[in-house]
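Reviewing the structure listed below.
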Amino acid sequence: MSHIADHAELSEQFNKDEPRVDWHDQTLWFVRKKRDVAVNKLPEWEELRETASQIKNNVLSNLSEYLLQFEENAKKNGIVVHWATDAAEHNEIVLSILRKHGVEQMIKSKSMLTEECHLNDFLKENDIEVIDTDLGERIVQLAGEVPSHIVLPCIHKKKEEIGEIFHEHLGTEKGASDPQYLTGVAREHLREKFLTRRVALTGVNFAIAETGEFVVCTNEGNADMGAHLADVHIASMGMEKIIPQRKHLGVFLRLLTRSATGQPITTYSSHFKKPREGKELHIIFVDNGRSKQLGRPDFRNSLKCIRCGACMNTCPVYRRSGGHSYHTAISGPIGSILAPNLDMKKYADLPFASTLCGSCSNVCPVKIDIHQQLYKWRQVLVQEGYVPATKSAGIKVMNWTLSHPSVFNFAGKAGRWVMQHVPFVVNNKLNPWYKQRDMPDAPDESFGEWYSKNNKKDE
Amino acid sequence: MTVGLFIPCYVDQFYPKAAIATLELLQKQGVKVVYPLNQTCCGQPMANSGFEHLTHGCDELFVKNFSQFDYIVSPSGSCVLHIKEHLHDEKHPAEATGIRHKIYELVEFLTDILKVDHIKATFKHKVGVHQSCHGQRGLKLSQMSELVAPPFSKPRYLLDMVEGIEIIDLDRQDECCGFGGTFCVAEEAVSVKMGKDRVADHIKHGAEFITAADMSCLMHMEGILKRSKSEVKVLHIAEILNAG
């Protein structure tokens with residue numbers, strides 16, 4: 001079996017170019033700071049987070065009822081509702097709609113769900129051409145990559161590199177990297193697609209049970225351009241995206257972009273309620289592991305996520321390892337608590353790709369206890385046997401030592417003696433601490449030894 | 001009032017001066033302090049690696065060593081947080097729960113229990129304060145930059161009582177240093193990069209010393225400072241509050 005690189009290895013590769021890591025870190029920190037400025041303008045920010053969290057808790061406790069309520073209302077509105085158990089079923093439903101209309105080309109606006117389902121690859125295998133219309137997604141698509149961030153898909157690319165990609169694929173001038181020029185070319189390139197494609201797929205940010213309508217948020221208006229010009233609009237939605245009532249939308253729209261980019265609201269928050277005359281509107285509810293996650297008491301509230309990406313921007317690890325180091329569609333802290341639910345073996349490394357600093361939980365607009373769940377996933381992954389045996393053995397020796405004071409004191413003394421007298425035993429390449437850091441000085445006596453000599457009177 | 005002093009394993013072995021400063025600082029406040037000699041570790045290194053189910057040995061030992069005290073105080077926010085959140089002992093559940101409620105990190109013990117309003121210490125240096133994550137976000141020793149809430153800082157409150165000290169500002173007031181327990185070796189590349197960036201922020205603003213309420217972060221940053229032959233030193237907050 002070929003070796004699959006884990007987060008530690010992929011981040012080590014990313015860190016070979018330190019100036020690039022600095023650039024990546026500073027770019028995302030800039031977004032985090034914009035978020036801070038925006039949220040501090042709202043004195044009620046923490047109350048808003050709490051309200052959103054409670055609405056989402058209610059949703060998770062009554063998910064099936066809200067979904068059925070939505071289905072009933074959506075059908076009345078003339079929307080065709082589909083249910084997909086997993087990614088494969090979702091992809092087949094999309095394909096069947098395309099086949100029904102004899103269409104071989106489709107445009108798609110931002111949808112991390114379709115990334116999770118690997119829809120593009122599936123459609124390509126079935127000779128369907130998909131063009132991503134979100135600018136960032138289009139760039140990574142042209143580059144043959146996947147998004148590295150759920151809100152900022154090509155945040156890992158510099159404008160010069162985007163210029164190169166556009167030169168190769170869209171015929172821009174060699175060496176041109178002016179964002180306005182490149183965006184102008186992308187706009188023309190995409191306009192032709194909007195005008196000629198008969199099927200448009202969008203994601204869904206919020207679906208409202210009470211009205212059977214759904215809301216798609218974009219800054220570029222690309223979802224609207226696609227959906228309004230096409231004969232068939234397919235909306236793919238993770239089933240946890242439902243909210244009970246229209247009045248709840250205000251809470252989430254205020255939180256979403258302030259958390260994501262520091263904007264007060266997305267440029268376009270478009271409501272879709274019924275198909276236009278003679279056109280079709282489909283919505284696909286996708287489970288793909290969500291029911292399973294809902295059944296895990298420790299991890300169910302990860303399904304409150306509204307996909308703002310704030311946990312990525314604030315994560316000191318993400319900023320220095322890059323989104324691709326998480327080798328899953330949804331990267332960063334939230335991805336690390338979602339992915340093991342889908343495949344514990346493949347994503348066993350992700351809950352360990354964190355210092356448990358807790359910043360993610362603090363920025364989360366729906367108050368998911370992300371860092372606590374990272375800790376809990378570690379316990380699950382060890383007990384289910386997904387942690388390497390070598391690590392397991394080392395931990396057991398450490399545990400045994402620390403459970404026996406006499407062994408601990410002897411080991412400490414012996415260790416300090418070694419560090420003082422034969423330092424090369426620890427100061428070498430086999431010690432990952434020593435690779436880029438010096439070991440602490442080994443003192444002559446431990447605190448315990450000092451205390452025994454100096455504080456007998458207090459015993 | 002008798003306080004049981006809990007000194008984390010690596011502080012005991014590598015940073016006895018921080019432990020001595022903690023002991024002396026508490027004694028200067030008129031507190032009777034006892035250090036149980038058979039103590040080792042809070043169990044966090046194993047638990048954070050996913051092996052919480054194996055830590056009952058450490059947990060039982062901890063309960064045996066510390067249940068008799070009025071308070072337990074430790075110069076480490078991280079270890080204290082771990083005990084508060086995870087200490088369990090099936091044979092002595094009441095004692096374990098008691099410990100979880102009466103264990104304090106040194107700084108919060110000084111500000112919240114002893115309500116210290118005066119400290120006689122002198123430290124004439126420029127100092128950068130590192131906010132260790134578990135102390136800050138876990139024990140809430142100071143306000144967190146992510147939240148919309150009024151600022152406060154318990155470590156800063158105490159440090160401001162020290163004569164001659166100059167606390168520097170930082171570009172990123174509460175970014176993690178990247179130590180993260182076994183993360184520091186399992187994810188060596190990112191851990192080191194985080195440490196380098198944290199240290200650079202302090203150096204940029206002219207720190208002569210970096211202090212914190214957690215020695216583990218400081219051990220990590222010290223390793224990076226020493227490798228780059230920097231003159232900047234690390235000191236546990238107890239050593240500054242006990243200086244002069």
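Naming scheme: A, B, ... for chains in displayed order of the structure tokens; residues 1 onward per chain; ligands 1 onward as shown.
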Within 6 Å of chain B, which residues of chain A show up when using only C-alpha atoms, listed as a ChimeraX atom specification? /A:8,12,40,355,357,362-363,378-379,382,402-403,405,432-433,437-439,442,446-447
DSSP says strand (DSSP E or B) for which residues of stretch 1-208 of chain B? Put them as an MDAnalysis selection string? chainID B and resid 2:5 32:34 71:74 103:105 122 126:129 142 153 163 166:167
Which polymer residues have any atom within 12 Å of an atom of B:Tyr104, counting only C-alpha atoms, with same-chain residues fewer than 5 positions away left out, as a PyMOL selection string? chain B and resi 3-6+70-84+99+109-114+135+139-141+213
Run DSSP on the backbone and tell me which residues of stretch 142-172 of chain B come out as alpha helix (DSSP H); list them as a count of residues only. 6
Identify, on the basis of only C-alpha atoms, every residue whose closest approach to stretch 52-59 of chain A does not exceed 7 Å; exclude the query and any residue fewer than 5 positions from it along the same chain; express the result as a PyMOL selection string. chain A and resi 243+251-252+304+366-367
Since we have the selection now, will you write its residues out, keeping C-alpha atoms, as a PDB file, in the first residue's frame?
```pdb
ATOM      1  CA  ILE A 243     -33.210  26.645  10.455  1.00  0.00           C
ATOM      2  CA  VAL A 251     -29.105  36.119  13.663  1.00  0.00           C
ATOM      3  CA  PHE A 252     -27.060  33.967  11.312  1.00  0.00           C
ATOM      4  CA  LYS A 304     -24.001  23.488  14.298  1.00  0.00           C
ATOM      5  CA  VAL A 366     -22.270  29.137  16.988  1.00  0.00           C
ATOM      6  CA  LYS A 367     -20.120  28.192  19.985  1.00  0.00           C
TER       7      LYS A 367
END
```
Quick one: distance from atom CA of A:Ser302 to atom CA of A:Glu240 in Å, one decimal? 10.0 Å
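Atom CA of B:Asp214 sits 26.8 Å away from atom CA of A:Leu430.
Taking atom CA of B:Pro155 and atom CA of B:Val116 as endpoints, the distance between them is 11.9 Å.
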